[in-house]
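Quick look at query_29.tsv (TSV, C-alpha atoms):
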chain	number	residue	atom	x	y	z
Y	207	MET	CA	83.79	76.46	23.63
Y	208	ALA	CA	85.04	74.58	26.69
Y	209	PHE	CA	86.33	77.83	28.17
Y	210	LYS	CA	82.95	79.53	27.62
Y	211	ALA	CA	81.16	76.62	29.28
Y	212	LEU	CA	83.53	76.80	32.24
Y	213	LEU	CA	82.99	80.56	32.44
Y	214	SER	CA	79.22	80.04	32.51
Y	215	ILE	CA	79.54	77.53	35.35
Y	216	VAL	CA	81.75	79.91	37.30
Y	217	SER	CA	79.23	82.73	36.76
Y	218	VAL	CA	76.36	80.57	38.01
Y	219	VAL	CA	78.32	79.52	41.09
Y	220	ALA	CA	79.25	83.13	41.81
Y	221	ALA	CA	75.62	84.20	41.47
Y	222	LEU	CA	74.47	81.47	43.84
Y	223	GLN	CA	77.15	82.43	46.35
Y	224	GLY	CA	76.08	86.05	46.12
Y	225	ALA	CA	72.45	85.11	46.64
Y	226	SER	CA	73.40	82.98	49.63
Y	227	ALA	CA	75.36	85.84	51.16
Y	228	ALA	CA	72.44	88.20	50.60
Y	229	LEU	CA	70.11	85.82	52.40
Y	230	THR	CA	72.45	85.36	55.36
Y	231	ARG	CA	70.56	86.43	58.43
Y	232	ARG	CA	72.15	89.29	60.31
Y	233	VAL	CA	71.70	90.06	63.98
Y	234	ALA	CA	70.91	93.56	65.19
Y	235	CYS	CA	73.50	94.54	67.79
Y	236	PRO	CA	72.45	96.09	71.13
Y	237	ASP	CA	73.96	99.45	70.15
Y	238	GLY	CA	71.14	99.91	67.65
Y	239	ILE	CA	73.67	100.83	64.95
Y	240	ASN	CA	75.58	97.78	63.88
Y	241	THR	CA	74.59	94.32	62.69
Y	242	ALA	CA	76.60	91.12	62.57
Y	243	THR	CA	76.32	87.62	61.16
Y	244	ASN	CA	77.06	86.26	64.63
Y	245	ALA	CA	75.74	87.93	67.78
Y	246	ALA	CA	79.05	87.29	69.56
Y	247	CYS	CA	80.73	89.77	67.19
Y	248	CYS	CA	78.49	92.62	68.38
Y	249	ALA	CA	80.61	93.06	71.49
Y	250	LEU	CA	83.57	93.99	69.31
Y	251	PHE	CA	82.13	97.20	67.87
Y	252	PRO	CA	82.54	99.31	71.03
Y	253	ILE	CA	85.98	97.78	71.59
Y	254	ARG	CA	86.92	98.67	68.04
Y	255	ASP	CA	85.83	102.26	68.51
Y	256	ASP	CA	87.70	102.52	71.81
Y	257	ILE	CA	90.91	101.24	70.21
Y	258	VAL	CA	90.72	103.38	67.09
Y	259	ASN	CA	89.74	106.59	68.87
Y	260	ASN	CA	91.58	106.36	72.18
Y	261	LEU	CA	94.64	104.23	71.40
Y	262	PHE	CA	95.39	104.95	67.75
Y	263	HIS	CA	93.77	108.40	67.60
Y	264	ASN	CA	92.76	107.52	64.04
Y	265	THR	CA	96.38	107.65	62.89
Y	266	CYS	CA	98.98	105.21	61.54
Y	267	ALA	CA	101.51	106.23	64.17
Y	268	GLU	CA	103.49	104.66	67.02
Y	269	GLU	CA	100.57	103.10	68.90
Y	270	ALA	CA	99.21	101.41	65.76
Y	271	HIS	CA	102.70	100.26	64.76
Y	272	GLU	CA	103.43	98.83	68.20
Y	273	SER	CA	100.05	97.07	68.36
Y	274	LEU	CA	100.89	95.31	65.10
Y	275	ARG	CA	104.30	94.39	66.51
Y	276	LEU	CA	102.72	92.95	69.64
Y	277	THR	CA	100.69	90.44	67.64
Y	278	PHE	CA	103.96	88.87	66.49
Y	279	HIS	CA	105.73	88.95	69.84
Y	280	ASP	CA	102.79	87.28	71.61
Y	281	ALA	CA	102.06	84.63	68.97
Y	282	VAL	CA	105.54	83.59	67.85
Y	283	ALA	CA	106.55	82.64	71.41
Y	284	PHE	CA	105.47	79.11	70.61
Y	285	SER	CA	107.58	76.05	69.82
Y	286	PRO	CA	106.15	72.74	68.65
Y	287	ALA	CA	109.72	71.40	68.65
Y	288	ALA	CA	110.06	72.14	72.36
Y	289	ALA	CA	106.67	70.54	73.03
Y	290	ALA	CA	107.80	67.42	71.15
Y	291	ARG	CA	110.74	67.22	73.55
Y	292	GLY	CA	108.34	67.30	76.48
Y	293	GLU	CA	109.09	70.93	77.31
Y	294	PHE	CA	106.65	73.84	77.59
Y	295	GLY	CA	107.00	75.70	74.30
Y	296	GLY	CA	104.72	78.63	75.00
Y	297	GLY	CA	101.05	79.10	74.28
Y	298	GLY	CA	101.28	81.05	71.04
Y	299	ALA	CA	98.61	83.72	70.59
Y	300	ASP	CA	97.48	83.40	74.20
Y	301	GLY	CA	97.89	86.93	75.58
Y	302	SER	CA	100.72	85.94	77.89
Y	303	ILE	CA	102.80	88.98	76.93
Y	304	VAL	CA	100.06	91.13	78.51
Y	305	ASN	CA	99.03	88.87	81.39
Y	306	PHE	CA	102.64	88.17	82.37
Y	307	ALA	CA	104.00	91.50	81.22
Y	308	GLU	CA	106.38	91.86	84.15
Y	309	ILE	CA	108.17	88.77	82.85
Y	310	GLU	CA	107.81	88.72	79.08
Y	311	THR	CA	108.30	92.42	78.31
Y	312	ASN	CA	111.68	92.14	80.03
Y	313	PHE	CA	112.89	89.47	77.62
Y	314	HIS	CA	115.54	91.10	75.44
Y	315	ALA	CA	113.63	90.49	72.22
Y	316	ASN	CA	110.54	92.15	73.71
Y	317	LEU	CA	112.18	95.31	75.06
Y	318	GLY	CA	109.98	98.29	74.28
Y	319	THR	CA	106.73	96.31	74.24
Y	320	ASP	CA	106.05	97.38	77.83
Y	321	GLU	CA	104.82	100.75	76.57
Y	322	ILE	CA	102.09	99.42	74.26
Y	323	VAL	CA	101.12	96.77	76.82
Y	324	ALA	CA	100.64	99.53	79.41
Y	325	LEU	CA	98.41	101.42	76.98
Y	326	GLN	CA	96.38	98.36	76.03
Y	327	LYS	CA	95.75	97.04	79.54
Y	328	PRO	CA	93.23	99.73	80.60
Y	329	ILE	CA	91.23	99.20	77.40
Y	330	ILE	CA	91.17	95.44	77.98
Y	331	ALA	CA	89.95	96.09	81.52
Y	332	ARG	CA	87.06	98.21	80.20
Y	333	HIS	CA	85.71	95.40	78.03
Y	334	ASN	CA	84.80	91.74	78.20
Y	335	ILE	CA	87.56	90.33	76.00
Y	336	SER	CA	90.54	88.08	76.60
Y	337	ALA	CA	94.00	89.60	76.32
Y	338	ALA	CA	94.74	86.96	73.68
Y	339	ASP	CA	91.88	88.18	71.49
Y	340	PHE	CA	92.54	91.84	72.20
Y	341	ILE	CA	96.15	91.68	71.01
Y	342	GLN	CA	95.19	90.16	67.67
Y	343	PHE	CA	92.12	92.40	67.31
Y	344	ALA	CA	94.16	95.55	67.96
Y	345	GLY	CA	96.80	94.37	65.49
Y	346	ALA	CA	94.21	93.87	62.77
Y	347	LEU	CA	92.71	97.28	63.50
Y	348	ALA	CA	96.15	98.89	63.46
Y	349	LEU	CA	96.44	98.29	59.73
Y	350	THR	CA	93.09	99.99	59.10
Y	351	GLN	CA	94.86	103.23	60.01
Y	352	CYS	CA	97.58	102.77	57.39
Y	353	PRO	CA	96.79	103.64	53.74
Y	354	GLY	CA	97.59	100.84	51.33
Y	355	ALA	CA	97.26	98.06	53.90
Y	356	PRO	CA	95.15	94.94	53.38
Y	357	GLN	CA	92.15	94.02	55.51
Y	358	LEU	CA	93.07	91.32	58.02
Y	359	GLN	CA	90.93	88.49	59.30
Y	360	PHE	CA	89.89	88.41	62.94
Y	361	LEU	CA	88.63	85.31	64.70
Y	362	LEU	CA	87.14	85.65	68.20
Y	363	GLY	CA	87.40	83.22	71.10
Y	364	ARG	CA	91.04	82.74	72.16
Y	365	LYS	CA	91.64	81.70	75.75
Y	366	ASP	CA	94.28	83.44	77.83
Y	367	GLY	CA	97.37	81.45	78.70
Y	368	THR	CA	98.06	80.45	82.29
Y	369	GLN	CA	101.83	80.83	82.29
Y	370	PRO	CA	104.44	83.03	80.61
Y	371	ALA	CA	106.13	81.94	77.42
Y	372	PRO	CA	109.73	80.78	77.64
Y	373	ASP	CA	112.44	83.27	76.75
Y	374	GLY	CA	114.38	82.92	73.51
Y	375	LEU	CA	111.52	82.21	71.10
Y	376	VAL	CA	111.21	85.68	69.53
Y	377	PRO	CA	113.81	86.33	66.80
Y	378	GLU	CA	116.29	89.15	67.44
Y	379	PRO	CA	117.69	91.64	64.89
Y	380	PHE	CA	121.22	90.35	65.54
Y	381	ASP	CA	120.30	86.69	64.89
Y	382	SER	CA	121.75	84.96	61.85
Y	383	VAL	CA	119.51	84.22	58.89
Y	384	ASP	CA	119.91	80.51	59.59
Y	385	LYS	CA	118.66	80.96	63.13
Y	386	ILE	CA	115.71	83.15	62.13
Y	387	LEU	CA	114.57	80.82	59.35
Y	388	ALA	CA	114.86	77.79	61.63
Y	389	ARG	CA	112.86	79.51	64.37
Y	390	MET	CA	110.12	80.49	61.95
Y	391	LEU	CA	110.04	77.03	60.36
Y	392	ASP	CA	109.35	75.63	63.83
Y	393	VAL	CA	106.04	77.56	63.79
Y	394	GLY	CA	105.23	76.63	60.20
Y	395	PHE	CA	106.60	79.43	58.02
Y	396	GLN	CA	108.77	78.69	54.99
Y	397	ASP	CA	111.68	80.91	53.99
Y	398	PHE	CA	109.66	82.97	51.50
Y	399	GLU	CA	106.84	83.39	54.03
Y	400	VAL	CA	109.28	84.97	56.47
Y	401	VAL	CA	109.71	87.69	53.84
Y	402	TRP	CA	105.93	88.05	53.68
Y	403	LEU	CA	105.78	88.54	57.45
Y	404	LEU	CA	108.49	91.18	57.29
Y	405	SER	CA	106.11	93.30	55.23
Y	406	ALA	CA	105.05	94.57	58.66
Y	407	HIS	CA	108.27	96.59	58.77
Y	408	THR	CA	106.86	98.99	56.19
Y	409	VAL	CA	104.84	100.50	59.07
Y	410	ALA	CA	107.31	100.01	61.88
Y	411	ALA	CA	110.02	101.69	63.91
Y	412	ALA	CA	112.65	100.73	66.46
Y	413	ASP	CA	112.46	101.94	70.06
Y	414	ARG	CA	115.15	99.97	71.83
Y	415	VAL	CA	117.74	98.95	69.25
Y	416	ASP	CA	119.42	102.31	69.82
Y	417	ASP	CA	117.95	103.78	73.00
Y	418	SER	CA	119.11	107.28	72.03
Y	419	ILE	CA	116.70	107.50	69.07
Y	420	PRO	CA	113.30	105.95	69.87
Y	421	ARG	CA	110.63	105.60	67.18
Y	422	THR	CA	113.16	105.48	64.32
Y	423	PRO	CA	111.39	104.12	61.21
Y	424	PHE	CA	112.60	101.35	58.92
Y	425	ASP	CA	111.70	103.22	55.73
Y	426	SER	CA	110.94	106.76	54.59
Y	427	THR	CA	107.14	106.28	54.53
Y	428	PRO	CA	106.25	104.66	57.89
Y	429	GLU	CA	102.70	106.02	57.69
Y	430	LEU	CA	101.99	104.06	54.49
Y	431	PHE	CA	101.75	100.34	53.84
Y	432	ASP	CA	103.79	100.57	50.67
Y	433	THR	CA	106.80	98.81	49.17
Y	434	GLN	CA	109.44	101.44	50.04
Y	435	PHE	CA	110.76	99.27	52.86
Y	436	PHE	CA	111.79	96.57	50.38
Y	437	ILE	CA	113.41	99.10	48.04
Y	438	GLU	CA	115.32	101.04	50.67
Y	439	THR	CA	116.63	97.93	52.43
Y	440	GLN	CA	118.50	97.10	49.19
Y	441	LEU	CA	120.26	100.47	48.95
Y	442	VAL	CA	123.87	100.92	49.98
Y	443	GLY	CA	124.09	101.96	53.61
Y	444	THR	CA	125.99	105.18	54.33
Y	445	SER	CA	125.36	106.21	57.95
Y	446	PHE	CA	123.78	105.37	61.28
Y	447	PRO	CA	120.79	107.40	62.47
Y	448	GLY	CA	122.16	107.56	66.03
Y	449	VAL	CA	125.01	105.81	67.81
Y	450	ALA	CA	127.31	103.90	65.46
Y	451	ASN	CA	127.73	100.13	65.49
Y	452	VAL	CA	124.85	99.27	67.81
Y	453	THR	CA	124.26	95.52	68.01
Y	454	GLY	CA	121.51	94.47	65.61
Y	455	GLU	CA	121.84	97.53	63.36
Y	456	VAL	CA	123.74	98.20	60.14
Y	457	LEU	CA	124.31	101.30	58.01
Y	458	SER	CA	121.21	102.96	56.58
Y	459	PRO	CA	120.89	104.77	53.21
Y	460	ILE	CA	118.80	107.68	54.52
Y	461	ARG	CA	119.29	110.01	57.48
Y	462	GLY	CA	116.81	109.26	60.25
Y	463	GLU	CA	116.12	105.73	59.01
Y	464	MET	CA	117.21	102.55	60.78
Y	465	ARG	CA	118.17	99.32	59.09
Y	466	LEU	CA	118.05	96.17	61.16
Y	467	GLN	CA	120.87	93.72	60.62
Y	468	SER	CA	118.34	90.91	60.18
Y	469	ASP	CA	116.44	92.78	57.44
Y	470	HIS	CA	119.72	93.62	55.70
Y	471	LEU	CA	120.84	89.99	55.68
Y	472	ILE	CA	117.52	88.43	54.71
Y	473	ALA	CA	117.27	90.86	51.79
Y	474	ARG	CA	120.65	89.58	50.56
Y	475	ASP	CA	120.47	85.87	51.41
Y	476	SER	CA	120.19	83.54	48.41
Y	477	ARG	CA	117.18	81.77	49.98
Y	478	THR	CA	115.13	84.94	50.36
Y	479	ALA	CA	116.63	87.68	48.15
Y	480	CYS	CA	114.46	87.08	45.09
Y	481	GLU	CA	111.27	86.96	47.13
Y	482	TRP	CA	112.36	90.17	48.83
Y	483	GLN	CA	113.05	91.88	45.51
Y	484	SER	CA	109.69	90.74	44.10
Y	485	PHE	CA	107.89	93.04	46.52
Y	486	THR	CA	109.71	96.21	45.47
Y	487	ASN	CA	107.36	96.89	42.57
Y	488	ASP	CA	104.34	94.68	43.32
Y	489	GLN	CA	101.91	96.35	45.70
Y	490	GLU	CA	99.21	93.85	44.71
Y	491	LYS	CA	101.31	90.88	45.80
Y	492	PHE	CA	102.29	92.81	48.89
Y	493	VAL	CA	98.70	93.18	50.09
Y	494	GLU	CA	97.63	89.68	49.02
Y	495	THR	CA	100.33	87.77	50.88
Y	496	PHE	CA	100.36	89.63	54.20
Y	497	PRO	CA	96.84	88.60	55.33
Y	498	ASP	CA	97.70	84.95	54.71
Y	499	VAL	CA	100.73	84.87	57.00
Y	500	MET	CA	99.16	87.16	59.59
Y	501	GLY	CA	96.08	84.97	59.73
Y	502	ARG	CA	98.23	81.92	60.41
Y	503	LEU	CA	100.37	83.78	62.94
Y	504	ALA	CA	97.23	84.74	64.88
Y	505	LEU	CA	96.30	81.05	65.16
Y	506	LEU	CA	99.56	79.72	66.57
Y	507	GLY	CA	98.73	77.55	69.57
Y	508	VAL	CA	95.00	78.11	69.03
Y	509	ASP	CA	92.24	75.63	68.17
Y	510	GLN	CA	90.62	77.37	65.21
Y	511	SER	CA	87.50	75.20	65.44
Y	512	THR	CA	86.54	77.01	68.66
Y	513	LEU	CA	86.71	80.50	67.12
Y	514	ILE	CA	84.07	82.72	65.54
Y	515	ASP	CA	84.83	84.66	62.37
Y	516	CYS	CA	84.26	88.34	63.18
Y	517	SER	CA	86.32	89.74	60.31
Y	518	GLU	CA	83.39	91.92	59.28
Y	519	VAL	CA	84.16	94.16	62.27
Y	520	ILE	CA	87.54	95.08	60.73
Y	521	PRO	CA	87.10	98.07	58.37
Y	522	MET	CA	88.80	98.24	54.99
Y	523	PRO	CA	91.97	100.36	55.21
Y	524	PRO	CA	92.17	103.45	53.00
Y	525	PRO	CA	93.99	103.18	49.67
Y	526	LEU	CA	97.42	104.60	49.04
Y	527	PRO	CA	97.47	108.26	47.99
Y	528	ALA	CA	97.27	108.69	44.22
Y	529	ASP	CA	100.80	110.11	44.08
Y	530	SER	CA	102.33	107.23	46.05
Y	531	ILE	CA	104.53	105.19	43.71
Y	532	PRO	CA	107.65	103.08	44.30
Y	533	HIS	CA	110.70	105.32	44.05
Y	534	PHE	CA	114.30	105.90	44.93
Y	535	PRO	CA	114.88	108.55	47.62
Y	536	PRO	CA	116.29	111.93	46.55
Y	537	GLY	CA	119.84	111.66	45.27
Y	538	GLN	CA	119.73	107.86	44.83
Y	539	THR	CA	119.40	105.72	41.72
Y	540	ILE	CA	119.67	102.14	40.54
Y	541	ASP	CA	123.44	102.54	40.92
Y	542	ASP	CA	122.97	102.62	44.71
Y	543	VAL	CA	121.24	99.23	44.81
Y	544	GLU	CA	122.99	96.20	46.25
Y	545	ALA	CA	121.16	93.69	44.08
Y	546	ALA	CA	121.11	90.17	45.51
Y	547	CYS	CA	118.66	88.18	43.37
Y	548	ALA	CA	120.55	86.11	40.82
Y	549	GLU	CA	117.41	85.29	38.83
Y	550	THR	CA	116.13	88.72	37.80
Y	551	PRO	CA	117.58	92.24	37.66
Y	552	PHE	CA	116.50	94.79	40.25
Y	553	PRO	CA	113.67	97.00	38.93
Y	554	SER	CA	114.35	100.62	38.06
Y	555	PHE	CA	112.34	103.36	39.75
Y	556	PRO	CA	112.12	107.13	39.41
Y	557	THR	CA	114.17	109.22	41.82
Y	558	VAL	CA	112.29	111.77	43.89
Y	559	PRO	CA	113.67	115.19	42.89
Y	560	GLY	CA	115.36	117.53	45.32
Y	561	PRO	CA	118.09	117.31	47.95
Y	562	ALA	CA	118.54	114.35	50.28
Y	563	THR	CA	116.12	114.50	53.18
Y	564	SER	CA	115.92	113.11	56.70
Y	565	VAL	CA	113.16	110.83	57.95
Y	566	ALA	CA	111.41	112.08	61.09
Y	567	PRO	CA	110.70	109.81	64.07
Y	568	VAL	CA	107.28	108.18	64.06
Y	569	PRO	CA	104.82	110.38	66.04
Y	570	ASN	CA	103.93	109.19	69.51
Y	571	LEU	CA	100.34	110.19	70.19
Here is a file; write its structure as C-alpha cells.
Amino acid sequence: MAFKALLSIVSVVAALQGASAALTRRVACPDGINTATNAACCALFPIRDDIVNNLFHNTCAEEAHESLRLTFHDAVAFSPAAAARGEFGGGGADGSIVNFAEIETNFHANLGTDEIVALQKPIIARHNISAADFIQFAGALALTQCPGAPQLQFLLGRKDGTQPAPDGLVPEPFDSVDKILARMLDVGFQDFEVVWLLSAHTVAAADRVDDSIPRTPFDSTPELFDTQFFIETQLVGTSFPGVANVTGEVLSPIRGEMRLQSDHLIARDSRTACEWQSFTNDQEKFVETFPDVMGRLALLGVDQSTLIDCSEVIPMPPPLPADSIPHFPPGQTIDDVEAACAETPFPSFPTVPGPATSVAPVPNL
C-alpha cells in the first residue's frame, strides 16, 4: 500500500513536470527553422551545422575523435593545488589551447593537437563564439557522430583565458598510475571516475605516440561508442602496430591496434581494475557515466552560474547497430584475458568467427 501511494505521488510529480515543460515558452530563432528555450542558444544552430558538415563531414572519424580529445586537453590543464600555493594553475576550460596554440600544442602531452586546432580556428573565426565554448561544443557534437554514444550537456558562456596554461598538467601515457590518479584528483575526479573518463578512448586513436603510424585506434571499433575498448585492453598483448618499444606504448592484442601503457596499467591496477572490468558488458552504465564526468570536466575553472544551458542544441547520437555486441576478436577467447579484478570473474563473450584481422587507421577526412 505504501509503495502504491509513493508510486502515485511520483506519477503526479512527473505529470506536473511534463506539463511545466510543455508550457515552457520557446523562442523562434532568426533562421526561421529552429526554436530554443533561451534566445542566446539560437546562435549555436549555424555553428553546429558548420561543425558537423564541414569539420566532421557527418562521420565519427579523426576530426570528431580529435575534437573530443581537445576538450580534455584544454580543460584538464587546471590545478587548484597550484593555485593554493599561490601559483597560476591554468584556467581550465578557457580555450587557451586554441588561443595560445603556438605554446600549448607544443607541450609534449599535447603533441598532435595542433592539427585539430588548425581546423577549428577558421570555424571559430566565422562565428561569434569564444574558443573556450567552441572547444566544449565541438566535443559534445563529436559524440553525436558516433553510434552508441550518450548525449552530452552543453553550457554556453565561457570566457577565453588571457594566458597559456602551465606545462605538465595533462597526463601522459607513460605516467605511472599513481601520478595519473593524483593529477586527476587535483581536479576533482576519484579513481573510478578516471575510468569513466577513459571511456573516450573507445572512439580515439594515437597520432604521435608512434609517429610512423598516425591515427592508430585503441580498439577494433573506433567508429562506435561501444565497450570493445575495455574488453580488448584486458587481452594479452602480442605485438606492436608499428615501431617496437615506443615510450608510452605496450604490446597490443590485435594488429593495427595501439595500447597505451597508461590504459594497460589502469586496467590492471587494484584501485581501478574492477571498475574497468564492469564496463566490458554494461553498455547502459557506459553511456550513463560518461556524461557525468564530461559535464564536470567542461566546467573546470568555470563559474557555472554564469552559463546558459543550451544542451537542446546537441542532437541525440544514433544507437549502436543491431548486430553490435561485446565480443572477443577473431581467434581470441576468455583464455586470452589478463583478468585483474579480484572481486568478480571476467565475463565471457562470443568470439567473432574467422581469421585474425587487422584494424585500419581511423579515416582522416
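Put simply, CA of Phe306 in chain Y is 9.3 Å away from CA of Gly367 in chain Y.
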Would you please work out which residue, of Y:Pro379, Y:Pro428, Y:Pro536, Y:Pro524, is nearest to Pro559 in chain Y when using only C-alpha atoms?
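So, comparing all the options, the nearest one is Y:Pro536.
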Which of these, Y:Ile239, Y:Ala348, Y:Leu276, Y:Cys247, has the shortest distance to Glu310 in chain Y once you count only C-alpha atoms?
Y:Leu276
Quick one: residues within 12 Å of (86.2, 99.3, 66.6) (file frame), counting all atoms listed in the file, please, as an NGL selection string.
:Y and (240 or 247-264 or 329 or 340 or 343-348 or 350-351 or 516-522)
Could you list, as a list in words, every residue within 12 Å of Ala288 in chain Y, counting all atoms listed in the file and ignoring same-chain residues fewer than 2 positions away?
Ala283, Phe284, Ser285, Pro286, Ala290, Arg291, Gly292, Glu293, Phe294, Gly295, Gly296, Gly297, Ala371, Pro372, Gly374, Leu375, Arg389, Asp392 and Val393 of chain Y
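Our summary of the geometry notes that CA of Ala242 in chain Y is positioned 20.6 Å from CA of Gly501 in chain Y.
The residue that comes closest to Ser418 in chain Y, out of Y:Pro370, Y:Pro567, Y:Pro356, Y:Pro556 and on the basis of all atoms listed in the file, is Y:Pro567.
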Non-local contacts of Glu268 in chain Y (7 Å; all atoms listed in the file; under 5 positions in same chain excluded) as an MDAnalysis selection string:
chainID Y and resid 568:570
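The spacing separating CA of Phe496 in chain Y from CA of Asp397 in chain Y amounts to 14.3 Å.
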Shortest interatomic distance to Phe485 in chain Y - which of Y:Ile472, Y:Ala388, Y:Ala355, Y:Ile437, counting all atoms listed in the file
Y:Ile437
Top pick for closest residue to Ala245 in chain Y, considering Y:Ala566, Y:Gln342, Y:Leu506, Y:Asp515 and counting only C-alpha atoms:
Y:Asp515
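If you count all atoms listed in the file and draw a sphere of 12 Å around (98.3, 88.1, 48.3), the protein and nucleic acid residues inside it come out as Ala355, Pro356, Gln357, Leu358, Glu399, Trp402, Leu403, Ser405, Phe485, Asp488, Gln489, Glu490, Lys491, Phe492, Val493, Glu494, Thr495, Phe496, Pro497, Asp498, Val499 and Met500 of chain Y.
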Output of the above residues as a compact mmCIF listing (two decimals), in the coordinates of the input, restricted to C-alpha atoms:
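Once everything was written out, this is out-v3.txt:
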# COMPACT_ATOMS: atom_id res chain seq x y z
CA ALA Y 355 97.26 98.06 53.90
CA PRO Y 356 95.15 94.94 53.38
CA GLN Y 357 92.15 94.02 55.51
CA LEU Y 358 93.07 91.32 58.02
CA GLU Y 399 106.84 83.39 54.03
CA TRP Y 402 105.93 88.05 53.68
CA LEU Y 403 105.78 88.54 57.45
CA SER Y 405 106.11 93.30 55.23
CA PHE Y 485 107.89 93.04 46.52
CA ASP Y 488 104.34 94.68 43.32
CA GLN Y 489 101.91 96.35 45.70
CA GLU Y 490 99.21 93.85 44.71
CA LYS Y 491 101.31 90.88 45.80
CA PHE Y 492 102.29 92.81 48.89
CA VAL Y 493 98.70 93.18 50.09
CA GLU Y 494 97.63 89.68 49.02
CA THR Y 495 100.33 87.77 50.88
CA PHE Y 496 100.36 89.63 54.20
CA PRO Y 497 96.84 88.60 55.33
CA ASP Y 498 97.70 84.95 54.71
CA VAL Y 499 100.73 84.87 57.00
CA MET Y 500 99.16 87.16 59.59
Let me make sure I understand: among Y:Val400, Y:Val304, Y:Val233, Y:Ala267, which one has the smallest atom-to-atom distance to Leu503 in chain Y if we use all atoms listed in the file?
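Closest to Leu503 in chain Y of all the choices is Y:Val400.
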Would you write out, as JSON lines, a table of all residues in range 403-440 of chain Y that have an atom no more than 12 Å from an atom of range 475-480 of chain Y, listing for each the closest atom pair and the distance in Å to one decimal, considering only C-alpha atoms and ordering rows by chain and rising residue number?
{"residue": "Y:Leu404", "atom": "CA", "partner": "Y:Thr478", "partner_atom": "CA", "distance": 11.4}
{"residue": "Y:Phe436", "atom": "CA", "partner": "Y:Ala479", "partner_atom": "CA", "distance": 10.4}
{"residue": "Y:Ile437", "atom": "CA", "partner": "Y:Ala479", "partner_atom": "CA", "distance": 11.9}
{"residue": "Y:Thr439", "atom": "CA", "partner": "Y:Ala479", "partner_atom": "CA", "distance": 11.1}
{"residue": "Y:Gln440", "atom": "CA", "partner": "Y:Ala479", "partner_atom": "CA", "distance": 9.7}
Fewer than 4 positions away in the same chain doesn't count, so skip those; otherwise give me all residues within 7 Å of range 441-447 of chain Y, counting only C-alpha atoms, as a compact mmCIF listing (two decimals) with C-alpha atoms, in the frame of the given file.
# COMPACT_ATOMS: atom_id res chain seq x y z
CA LEU Y 457 124.31 101.30 58.01
CA SER Y 458 121.21 102.96 56.58
CA PRO Y 459 120.89 104.77 53.21
CA ARG Y 461 119.29 110.01 57.48
CA GLY Y 462 116.81 109.26 60.25
CA GLU Y 463 116.12 105.73 59.01
CA MET Y 464 117.21 102.55 60.78
CA ASP Y 542 122.97 102.62 44.71
CA VAL Y 543 121.24 99.23 44.81
CA GLU Y 544 122.99 96.20 46.25
Give me range 245-249 of chain Y with all heavy atoms filled in, as an mmCIF file, in the frame of the given file.
data_model
loop_
_atom_site.group_PDB
_atom_site.id
_atom_site.type_symbol
_atom_site.label_atom_id
_atom_site.label_comp_id
_atom_site.auth_asym_id
_atom_site.auth_seq_id
_atom_site.Cartn_x
_atom_site.Cartn_y
_atom_site.Cartn_z
ATOM 1 N N ALA Y 245 75.993 86.998 66.679
ATOM 2 C CA ALA Y 245 75.740 87.930 67.780
ATOM 3 C C ALA Y 245 76.975 88.157 68.650
ATOM 4 O O ALA Y 245 77.154 89.233 69.234
ATOM 5 C CB ALA Y 245 74.590 87.413 68.641
ATOM 6 N N ALA Y 246 77.849 87.162 68.734
ATOM 7 C CA ALA Y 246 79.050 87.290 69.560
ATOM 8 C C ALA Y 246 79.950 88.422 69.056
ATOM 9 O O ALA Y 246 80.706 89.020 69.840
ATOM 10 C CB ALA Y 246 79.824 85.982 69.582
ATOM 11 N N CYS Y 247 79.872 88.722 67.758
ATOM 12 C CA CYS Y 247 80.730 89.770 67.190
ATOM 13 C C CYS Y 247 80.258 91.172 67.573
ATOM 14 O O CYS Y 247 81.031 92.139 67.465
ATOM 15 C CB CYS Y 247 80.770 89.643 65.670
ATOM 16 S SG CYS Y 247 81.390 88.040 65.077
ATOM 17 N N CYS Y 248 79.025 91.296 68.026
ATOM 18 C CA CYS Y 248 78.490 92.620 68.380
ATOM 19 C C CYS Y 248 79.323 93.300 69.470
ATOM 20 O O CYS Y 248 79.489 94.522 69.474
ATOM 21 C CB CYS Y 248 77.044 92.500 68.847
ATOM 22 S SG CYS Y 248 75.859 92.165 67.507
ATOM 23 N N ALA Y 249 79.844 92.501 70.390
ATOM 24 C CA ALA Y 249 80.610 93.060 71.490
ATOM 25 C C ALA Y 249 81.889 93.742 71.024
ATOM 26 O O ALA Y 249 82.493 94.542 71.759
ATOM 27 C CB ALA Y 249 80.956 91.966 72.499
#
